$ cat model.txt   # compact mmCIF, C-alpha atoms and all ligand atoms
# COMPACT_ATOMS: atom_id res chain seq x y z
CA MET A 192 -9.06 -27.84 -38.16
CA ARG A 193 -12.74 -27.64 -37.27
CA LYS A 194 -13.69 -27.26 -33.64
CA ARG A 195 -16.22 -29.77 -32.39
CA LEU A 196 -19.56 -28.50 -31.17
CA VAL A 197 -22.27 -29.91 -28.91
CA ALA A 198 -25.53 -27.99 -28.80
CA GLY A 199 -28.45 -28.65 -26.44
CA ASN A 200 -31.87 -27.80 -27.79
CA TRP A 201 -34.17 -27.42 -24.79
CA LYS A 202 -37.18 -26.83 -27.04
CA MET A 203 -40.31 -25.42 -25.35
CA ASN A 204 -39.31 -26.71 -21.92
CA LEU A 205 -38.11 -25.24 -18.62
CA THR A 206 -39.12 -22.02 -16.91
CA VAL A 207 -36.43 -19.39 -16.43
CA ASP A 208 -35.81 -20.71 -12.89
CA GLU A 209 -35.55 -24.27 -14.12
CA ALA A 210 -33.21 -23.16 -16.87
CA PHE A 211 -30.88 -21.62 -14.30
CA LYS A 212 -30.97 -24.77 -12.18
CA LEU A 213 -29.98 -26.83 -15.20
CA VAL A 214 -27.14 -24.43 -16.00
CA ASP A 215 -25.89 -24.76 -12.41
CA HIS A 216 -25.78 -28.54 -12.77
CA LEU A 217 -24.06 -28.32 -16.12
CA ASP A 218 -21.55 -25.87 -14.74
CA LYS A 219 -20.62 -28.33 -11.99
CA ASN A 220 -20.34 -31.28 -14.37
CA ILE A 221 -18.64 -29.78 -17.41
CA SER A 222 -15.16 -28.25 -17.62
CA ALA A 223 -14.31 -25.73 -20.29
CA SER A 224 -12.26 -27.16 -23.13
CA PRO A 225 -10.69 -25.41 -26.09
CA LYS A 226 -11.56 -28.49 -28.14
CA VAL A 227 -15.37 -28.24 -28.07
CA ASP A 228 -17.92 -25.43 -28.26
CA VAL A 229 -20.86 -26.11 -25.95
CA VAL A 230 -24.00 -24.25 -26.98
CA LEU A 231 -27.14 -24.09 -24.86
CA CYS A 232 -30.36 -23.21 -26.67
CA PRO A 233 -33.03 -22.25 -24.11
CA SER A 234 -36.44 -20.82 -24.87
CA MET A 235 -36.60 -17.17 -25.89
CA VAL A 236 -37.65 -16.01 -22.38
CA ALA A 237 -34.59 -17.57 -20.75
CA LEU A 238 -32.18 -16.35 -23.39
CA GLU A 239 -31.80 -12.79 -22.14
CA PRO A 240 -31.31 -13.55 -18.41
CA MET A 241 -28.97 -16.40 -19.27
CA SER A 242 -26.95 -14.13 -21.53
CA GLN A 243 -26.31 -11.89 -18.49
CA LYS A 244 -25.02 -14.68 -16.29
CA LEU A 245 -23.45 -17.35 -18.42
CA LYS A 246 -19.71 -17.96 -18.32
CA PRO A 247 -18.71 -17.33 -21.90
CA MET A 248 -15.61 -19.49 -21.62
CA LYS A 249 -17.68 -22.55 -20.90
CA PHE A 250 -21.02 -22.17 -22.64
CA GLN A 251 -22.29 -20.19 -25.56
CA LEU A 252 -25.92 -19.46 -26.24
CA GLY A 253 -28.17 -20.24 -29.14
CA ALA A 254 -31.72 -19.20 -29.96
CA GLN A 255 -34.18 -21.80 -31.21
CA ASN A 256 -35.77 -19.51 -33.78
CA VAL A 257 -35.85 -15.96 -35.13
CA TYR A 258 -37.93 -14.04 -37.66
CA PHE A 259 -36.30 -12.92 -40.89
CA GLN A 260 -37.31 -9.24 -40.83
CA ASP A 261 -35.16 -7.11 -38.53
CA SER A 262 -38.11 -5.07 -37.19
CA GLY A 263 -41.71 -4.16 -37.97
CA SER A 264 -45.33 -5.06 -37.36
CA PHE A 265 -44.93 -8.78 -36.80
CA THR A 266 -46.75 -9.33 -33.52
CA GLY A 267 -45.23 -12.06 -31.41
CA GLU A 268 -42.11 -12.55 -33.46
CA VAL A 269 -38.53 -11.93 -32.34
CA SER A 270 -36.01 -10.83 -34.93
CA ALA A 271 -32.43 -11.91 -35.48
CA ALA A 272 -31.48 -8.27 -34.89
CA GLN A 273 -33.07 -8.46 -31.42
CA VAL A 274 -31.42 -11.74 -30.58
CA ALA A 275 -27.97 -10.64 -31.81
CA GLY A 276 -25.92 -9.74 -28.74
CA LEU A 277 -27.72 -12.36 -26.65
CA ALA A 278 -26.86 -15.43 -28.69
CA ASP A 279 -24.02 -16.61 -30.91
CA TYR A 280 -26.00 -19.31 -32.70
CA VAL A 281 -29.55 -19.79 -33.97
CA ILE A 282 -31.18 -23.12 -34.78
CA VAL A 283 -33.00 -22.85 -38.09
CA GLY A 284 -34.84 -25.28 -40.34
CA HIS A 285 -35.59 -27.67 -37.47
CA SER A 286 -38.07 -30.31 -38.61
CA GLU A 287 -40.47 -29.31 -35.83
CA ARG A 288 -40.64 -25.82 -37.34
CA ARG A 289 -40.93 -27.21 -40.84
CA MET A 290 -43.75 -29.53 -39.71
CA HIS A 291 -45.74 -27.61 -37.09
CA PHE A 292 -45.20 -24.05 -38.29
CA GLY A 293 -45.21 -24.57 -42.02
CA GLU A 294 -41.71 -23.26 -42.56
CA THR A 295 -40.77 -23.72 -46.19
CA ASN A 296 -37.27 -23.71 -47.63
CA ASP A 297 -37.97 -20.17 -48.82
CA ILE A 298 -38.70 -18.98 -45.27
CA ILE A 299 -35.70 -20.90 -43.94
CA ALA A 300 -33.42 -19.32 -46.56
CA ARG A 301 -34.54 -15.86 -45.42
CA LYS A 302 -33.99 -16.78 -41.79
CA VAL A 303 -30.52 -18.14 -42.53
CA SER A 304 -29.72 -14.88 -44.30
CA ALA A 305 -31.08 -12.77 -41.38
CA ILE A 306 -29.02 -14.77 -38.88
CA VAL A 307 -25.83 -14.28 -40.87
CA ARG A 308 -26.62 -10.59 -41.53
CA ASN A 309 -26.87 -10.14 -37.78
CA LYS A 310 -23.50 -11.81 -37.19
CA MET A 311 -24.70 -15.05 -35.65
CA THR A 312 -24.07 -18.61 -36.77
CA PRO A 313 -26.97 -20.64 -38.14
CA ILE A 314 -27.28 -24.25 -37.04
CA LEU A 315 -29.19 -25.36 -40.10
CA CYS A 316 -31.09 -28.62 -39.65
CA VAL A 317 -31.69 -30.85 -42.63
CA GLY A 318 -32.96 -34.40 -42.82
CA GLU A 319 -35.38 -36.81 -44.40
CA ASN A 320 -38.60 -38.18 -42.92
CA LEU A 321 -39.35 -41.89 -42.66
CA PHE A 322 -41.22 -42.14 -45.97
CA GLU A 323 -38.44 -40.38 -47.80
CA ARG A 324 -35.90 -42.77 -46.29
CA GLN A 325 -38.03 -45.79 -47.20
CA ASP A 326 -38.29 -44.46 -50.75
CA ASN A 327 -34.50 -44.02 -50.96
CA GLU A 328 -34.87 -40.29 -51.28
CA THR A 329 -32.57 -39.29 -48.42
CA ALA A 330 -29.76 -37.95 -50.61
CA GLN A 331 -32.16 -36.00 -52.80
CA VAL A 332 -33.91 -34.44 -49.79
CA LEU A 333 -30.60 -33.37 -48.30
CA ARG A 334 -29.42 -31.89 -51.59
CA ASP A 335 -32.71 -30.05 -52.14
CA GLN A 336 -32.84 -28.64 -48.62
CA LEU A 337 -29.23 -27.46 -48.63
CA THR A 338 -29.46 -25.92 -52.07
CA ALA A 339 -32.66 -24.04 -51.25
CA ASP A 340 -31.85 -23.05 -47.66
CA LEU A 341 -28.44 -21.56 -48.45
CA VAL A 342 -29.41 -19.78 -51.64
CA MET A 343 -29.15 -16.29 -50.13
CA LEU A 344 -25.64 -16.69 -48.73
CA THR A 345 -22.34 -15.83 -50.34
CA THR A 346 -19.72 -18.55 -50.59
CA ARG A 347 -17.68 -16.89 -47.85
CA GLU A 348 -20.71 -16.85 -45.52
CA VAL A 349 -21.26 -20.56 -45.98
CA ALA A 350 -17.86 -21.33 -44.42
CA ASN A 351 -19.05 -20.27 -40.96
CA LEU A 352 -22.16 -22.46 -41.03
CA VAL A 353 -23.09 -25.35 -38.81
CA ILE A 354 -25.26 -28.01 -40.47
CA ALA A 355 -27.09 -30.57 -38.36
CA TYR A 356 -28.10 -33.80 -40.04
CA GLU A 357 -31.33 -34.64 -38.26
CA PRO A 358 -33.33 -37.51 -39.74
CA VAL A 359 -36.89 -36.68 -38.76
CA TRP A 360 -37.67 -40.30 -37.82
CA ALA A 361 -34.91 -40.23 -35.19
CA ILE A 362 -35.98 -37.03 -33.43
CA GLY A 363 -37.54 -37.56 -30.04
CA THR A 364 -38.33 -41.16 -30.92
CA GLY A 365 -35.49 -42.96 -29.17
CA GLU A 366 -34.75 -44.49 -32.55
CA ILE A 367 -31.21 -43.62 -33.49
CA ALA A 368 -29.70 -43.49 -36.90
CA LYS A 369 -26.97 -46.09 -37.35
CA PRO A 370 -23.45 -44.72 -37.74
CA GLU A 371 -23.39 -46.02 -41.37
CA GLN A 372 -26.56 -44.08 -42.12
CA VAL A 373 -25.16 -40.93 -40.54
CA SER A 374 -21.86 -41.38 -42.34
CA LYS A 375 -23.62 -41.69 -45.72
CA ALA A 376 -25.73 -38.59 -45.05
CA ILE A 377 -22.69 -36.58 -44.03
CA LYS A 378 -20.96 -37.54 -47.26
CA VAL A 379 -23.98 -36.32 -49.21
CA ILE A 380 -24.06 -33.07 -47.23
CA ARG A 381 -20.37 -32.41 -47.76
CA SER A 382 -20.38 -33.34 -51.43
CA THR A 383 -23.41 -31.10 -52.02
CA LEU A 384 -21.65 -28.19 -50.34
CA GLU A 385 -18.50 -28.93 -52.29
CA GLY A 386 -20.41 -28.86 -55.57
CA LEU A 387 -22.01 -25.54 -54.68
CA TYR A 388 -19.24 -23.72 -52.83
CA GLY A 389 -15.98 -25.59 -53.37
CA GLN A 390 -13.80 -27.74 -51.20
CA ALA A 391 -12.01 -25.06 -49.18
CA VAL A 392 -15.29 -23.62 -47.89
CA THR A 393 -16.80 -27.04 -47.26
CA ASN A 394 -13.80 -28.02 -45.17
CA GLU A 395 -14.66 -25.23 -42.76
CA VAL A 396 -18.34 -26.12 -42.33
CA ARG A 397 -19.13 -28.07 -39.19
CA VAL A 398 -21.59 -30.93 -39.56
CA LEU A 399 -23.41 -32.37 -36.55
CA TYR A 400 -25.71 -35.32 -36.01
CA GLY A 401 -28.99 -34.93 -34.12
CA GLY A 402 -31.74 -37.41 -33.29
CA SER A 403 -32.14 -39.25 -29.97
CA VAL A 404 -28.46 -38.76 -29.10
CA VAL A 405 -27.46 -40.14 -25.69
CA ALA A 406 -23.99 -40.70 -24.26
CA ASP A 407 -24.00 -44.43 -25.02
CA TYR A 408 -23.80 -43.84 -28.78
CA VAL A 409 -21.40 -40.92 -28.80
CA ALA A 410 -18.15 -42.88 -29.02
CA ASP A 411 -19.38 -44.74 -32.12
CA TYR A 412 -20.64 -41.57 -33.79
CA LEU A 413 -17.35 -39.82 -33.15
CA LYS A 414 -15.63 -42.42 -35.32
CA ILE A 415 -17.59 -41.14 -38.31
CA LYS A 416 -15.34 -39.24 -40.67
CA ASP A 417 -16.13 -35.54 -40.89
CA LEU A 418 -18.69 -35.51 -38.08
CA ASP A 419 -18.04 -32.52 -35.81
CA GLY A 420 -20.47 -32.98 -32.93
CA PHE A 421 -24.10 -33.24 -31.92
CA LEU A 422 -27.38 -31.40 -31.66
CA VAL A 423 -29.02 -32.94 -28.62
CA GLY A 424 -32.69 -32.60 -27.71
CA GLY A 425 -34.19 -34.63 -24.85
CA ALA A 426 -30.86 -35.69 -23.34
CA SER A 427 -29.69 -32.08 -23.14
CA ARG A 428 -32.09 -31.48 -20.26
CA ASN A 429 -30.56 -34.28 -18.23
CA PRO A 430 -27.45 -32.61 -16.80
CA TYR A 431 -25.53 -35.86 -16.27
CA GLU A 432 -26.33 -37.22 -19.69
CA PHE A 433 -25.53 -33.96 -21.45
CA ALA A 434 -22.31 -33.56 -19.46
CA ALA A 435 -21.31 -37.10 -20.46
CA ILE A 436 -21.98 -36.33 -24.13
CA VAL A 437 -19.87 -33.18 -23.88
CA LYS A 438 -17.04 -34.94 -22.05
CA LEU A 439 -16.89 -37.76 -24.59
CA THR A 440 -16.84 -35.22 -27.40
CA GLN A 441 -14.02 -33.40 -25.61
CA GLY A 442 -12.12 -36.66 -25.70
CA SER A 443 -12.25 -37.41 -22.00
CA GLY A 444 -14.22 -40.30 -20.53
CA ALA A 445 -17.90 -39.86 -19.78
CA GLY A 446 -17.23 -40.03 -16.06
CA LYS A 447 -19.60 -41.73 -13.69
CA LEU A 448 -23.03 -41.50 -15.20
CA PRO A 449 -26.08 -41.98 -12.99
CA LYS A 450 -28.67 -44.25 -14.62
CA LEU A 451 -30.36 -42.37 -17.41
CA THR A 452 -33.88 -41.27 -16.61
CA LYS A 453 -36.02 -43.38 -18.87
CA ALA A 454 -38.41 -40.85 -20.34
CA LEU A 455 -36.39 -38.23 -22.10
CA LYS A 456 -39.27 -36.68 -23.91
CA SER A 457 -38.62 -34.05 -26.55
P1 LIG B 501 -33.83 -35.49 -29.64
O1 LIG B 501 -34.00 -34.10 -30.42
O2 LIG B 501 -32.38 -35.56 -29.23
O3 LIG B 501 -34.75 -35.40 -28.48
O4 LIG B 501 -34.19 -36.56 -30.60
C1 LIG B 501 -33.03 -33.66 -31.32
C2 LIG B 501 -33.48 -32.37 -31.93
O5 LIG B 501 -34.68 -32.13 -32.05
O6 LIG B 501 -32.63 -31.55 -32.32
$ encode --input "model.txt" --output "structure tokens"
Amino acid sequence: MRKRLVAGNWKMNLTVDEAFKLVDHLDKNISASPKVDVVLCPSMVALEPMSQKLKPMKFQLGAQNVYFQDSGSFTGEVSAAQVAGLADYVIVGHSERRMHFGETNDIIARKVSAIVRNKMTPILCVGENLFERQDNETAQVLRDQLTADLVMLTTREVANLVIAYEPVWAIGTGEIAKPEQVSKAIKVIRSTLEGLYGQAVTNEVRVLYGGSVVADYVADYLKIKDLDGFLVGGASRNPYEFAAIVKLTQGSGAGKLPKLTKALKS
């Protein structure tokens, strides 16, 4: 039985002080549940101080990026070996890194391997852009990304993975993917993994949806077969909204939700 997971990707937002304030709010609004892993992914500067203070029963930590070499003359980079011990998860292959930092599938494959080598769990993001969707290439893009990004892992290592289906056109745009679209993509992701690594391993892999997720859509998404949770961007910095998403995923009601702040910019 796979455990659900909700991860909040804070992206390049929040100072360390602001990060702690947000954690305080989240702490007040979210109860620990054995049913759902809640992973907070702050910026690299907040990761270390947060790792000292966070209640491990309630929240786990994720990094937003690492470099694939463990050490060396790579000015400005932070390695998976350095992040290990501070974080349990690392987001990798996010479309913003593919787009703005030129990360190719080859680089992503090396990062995935470094994350696993250093005993953390990759949250590997895959997804098509708008043109690819319009050209009916979604399935092919997902297959290509998965095949290339996981090429350095053993079958056993794949079992521990988290994959986030993140259609690029739905990220930070307020435009959400319809449950049918997400459901189709998840089928492609799972059948690709099954073809490459077999059914038993695939059954252990958790698959999330990410892209403009807010609490209002969560109940519908949770009806999707084989969806195990969410990677949340903008809404993860709104403590009430994020808490509501977590609570719904835990199977309890969203609780009283103050009106959502309109501009949830990524
Ligand atoms: P969003 O971001 O929820 O703001 O669309 C999701 C993500 O980038 O993972």
$ residues_near_ligand --input "model.txt" --ligand "ligand LIG 501 (chain B)" --cutoff "6 Å" --atoms "only C-alpha atoms and all ligand atoms" --output "list in words"
Asn200, Ala361, Ile362, Gly363, Gly401, Gly402, Ser403, Val404, Leu422, Val423, Gly424, Gly425 and Ser457 of chain A
$ residues_around --input "model.txt" --residues "Ala198 of chain A" --least-positions-apart "2" --cutoff "12 Å" --atoms "all atoms listed in the file" --output "PDB file with C-alpha atoms, in the coordinates of the input"
ATOM      1  CA  ARG A 195     -16.220 -29.770 -32.390  1.00  0.00           C
ATOM      2  CA  LEU A 196     -19.560 -28.500 -31.170  1.00  0.00           C
ATOM      3  CA  ASN A 200     -31.870 -27.800 -27.790  1.00  0.00           C
ATOM      4  CA  TRP A 201     -34.170 -27.420 -24.790  1.00  0.00           C
ATOM      5  CA  LYS A 202     -37.180 -26.830 -27.040  1.00  0.00           C
ATOM      6  CA  VAL A 227     -15.370 -28.240 -28.070  1.00  0.00           C
ATOM      7  CA  ASP A 228     -17.920 -25.430 -28.260  1.00  0.00           C
ATOM      8  CA  VAL A 229     -20.860 -26.110 -25.950  1.00  0.00           C
ATOM      9  CA  VAL A 230     -24.000 -24.250 -26.980  1.00  0.00           C
ATOM     10  CA  LEU A 231     -27.140 -24.090 -24.860  1.00  0.00           C
ATOM     11  CA  CYS A 232     -30.360 -23.210 -26.670  1.00  0.00           C
ATOM     12  CA  PRO A 233     -33.030 -22.250 -24.110  1.00  0.00           C
ATOM     13  CA  PHE A 250     -21.020 -22.170 -22.640  1.00  0.00           C
ATOM     14  CA  GLN A 251     -22.290 -20.190 -25.560  1.00  0.00           C
ATOM     15  CA  LEU A 252     -25.920 -19.460 -26.240  1.00  0.00           C
ATOM     16  CA  GLY A 253     -28.170 -20.240 -29.140  1.00  0.00           C
ATOM     17  CA  ALA A 254     -31.720 -19.200 -29.960  1.00  0.00           C
ATOM     18  CA  GLN A 255     -34.180 -21.800 -31.210  1.00  0.00           C
ATOM     19  CA  ASP A 279     -24.020 -16.610 -30.910  1.00  0.00           C
ATOM     20  CA  TYR A 280     -26.000 -19.310 -32.700  1.00  0.00           C
ATOM     21  CA  VAL A 281     -29.550 -19.790 -33.970  1.00  0.00           C
ATOM     22  CA  ILE A 282     -31.180 -23.120 -34.780  1.00  0.00           C
ATOM     23  CA  PRO A 313     -26.970 -20.640 -38.140  1.00  0.00           C
ATOM     24  CA  ILE A 314     -27.280 -24.250 -37.040  1.00  0.00           C
ATOM     25  CA  VAL A 353     -23.090 -25.350 -38.810  1.00  0.00           C
ATOM     26  CA  ILE A 354     -25.260 -28.010 -40.470  1.00  0.00           C
ATOM     27  CA  ALA A 355     -27.090 -30.570 -38.360  1.00  0.00           C
ATOM     28  CA  VAL A 398     -21.590 -30.930 -39.560  1.00  0.00           C
ATOM     29  CA  LEU A 399     -23.410 -32.370 -36.550  1.00  0.00           C
ATOM     30  CA  TYR A 400     -25.710 -35.320 -36.010  1.00  0.00           C
ATOM     31  CA  GLY A 401     -28.990 -34.930 -34.120  1.00  0.00           C
ATOM     32  CA  VAL A 404     -28.460 -38.760 -29.100  1.00  0.00           C
ATOM     33  CA  ASP A 419     -18.040 -32.520 -35.810  1.00  0.00           C
ATOM     34  CA  GLY A 420     -20.470 -32.980 -32.930  1.00  0.00           C
ATOM     35  CA  PHE A 421     -24.100 -33.240 -31.920  1.00  0.00           C
ATOM     36  CA  LEU A 422     -27.380 -31.400 -31.660  1.00  0.00           C
ATOM     37  CA  VAL A 423     -29.020 -32.940 -28.620  1.00  0.00           C
ATOM     38  CA  GLY A 424     -32.690 -32.600 -27.710  1.00  0.00           C
ATOM     39  CA  GLY A 425     -34.190 -34.630 -24.850  1.00  0.00           C
ATOM     40  CA  ALA A 426     -30.860 -35.690 -23.340  1.00  0.00           C
ATOM     41  CA  SER A 427     -29.690 -32.080 -23.140  1.00  0.00           C
ATOM     42  CA  ARG A 428     -32.090 -31.480 -20.260  1.00  0.00           C
ATOM     43  CA  PHE A 433     -25.530 -33.960 -21.450  1.00  0.00           C
ATOM     44  CA  ALA A 434     -22.310 -33.560 -19.460  1.00  0.00           C
ATOM     45  CA  ILE A 436     -21.980 -36.330 -24.130  1.00  0.00           C
ATOM     46  CA  VAL A 437     -19.870 -33.180 -23.880  1.00  0.00           C
ATOM     47  CA  THR A 440     -16.840 -35.220 -27.400  1.00  0.00           C
TER      48      THR A 440
END
$ atom_distance --input "model.txt" --atom1 "atom CA of Leu337 of chain A" --atom2 "atom CA of Met192 of chain A"
22.7 Å
$ closest_residue --input "model.txt" --among "A:Asn256, A:Tyr431, A:Val332, A:Met235" --to "Phe292 of chain A" --atoms "only C-alpha atoms"
A:Asn256
$ atom_distance --input "model.txt" --atom1 "atom CA of Cys316 of chain A" --atom2 "atom CA of Tyr356 of chain A"
6.0 Å
$ residues_around --input "model.txt" --residues "segment 217-225 of chain A" --least-positions-apart "3" --cutoff "7 Å" --atoms "only C-alpha atoms" --output "ChimeraX atom specification"
/A:213-214,248-249,430,434,441
$ closest_residue --input "model.txt" --among "A:Thr295, A:Ser374, A:Gln390, A:Gln273" --to "Tyr258 of chain A" --atoms "all atoms listed in the file"
A:Gln273
$ residues_around --input "model.txt" --residues "Ile380 of chain A" --least-positions-apart "2" --cutoff "9 Å" --atoms "only C-alpha atoms" --output "list in words"
Ala330, Leu333, Arg334, Leu337, Ile354, Tyr356, Lys375, Ala376, Ile377, Lys378, Ser382, Thr383, Leu384, Glu385 and Val398 of chain A
$ atom_distance --input "model.txt" --atom1 "atom CA of Glu209 of chain A" --atom2 "atom CA of Ala435 of chain A"
20.2 Å
$ closest_residue --input "model.txt" --among "A:Gln260, A:Thr393, A:Thr266, A:Ser443" --to "Ile298 of chain A" --atoms "only C-alpha atoms"
A:Gln260
$ residues_around --input "model.txt" --residues "Gln243 of chain A" --least-positions-apart "2" --cutoff "12 Å" --atoms "only C-alpha atoms" --output "MDAnalysis selection string"
chainID A and resid 211 237:241 245:247 251:252 276:278
$ closest_residue --input "model.txt" --among "A:Ile367, A:Ala271, A:Ile299, A:Leu352" --to "Val396 of chain A" --atoms "all atoms listed in the file"
A:Leu352
$ axis_aligned_box --input "model.txt" --around "segment 262-273 of chain A" --padding-each-side "4 Å" --output "lines of an AutoDock Vina configuration file"
center_x = -39.1
center_y = -8.4
center_z = -34.7
size_x = 23.3
size_y = 16.4
size_z = 14.6
$ closest_residue --input "model.txt" --among "A:Gly442, A:Gly293, A:Gly284, A:Gly389" --to "Val349 of chain A" --atoms "all atoms listed in the file"
A:Gly389
$ closest_residue --input "model.txt" --among "A:Val359, A:Gly199, A:Ala272, A:Asp417" --to "Leu321 of chain A" --atoms "only C-alpha atoms"
A:Val359
$ residues_near_point --input "model.txt" --point "(-22.8, -16.9, -44.3)" --cutoff "9 Å" --atoms "only C-alpha atoms" --output "list in words"
Val303, Ser304, Ile306, Val307, Arg308, Lys310, Thr312, Pro313, Leu341, Met343, Leu344, Thr345, Thr346, Arg347, Glu348, Val349, Ala350, Asn351 and Leu352 of chain A
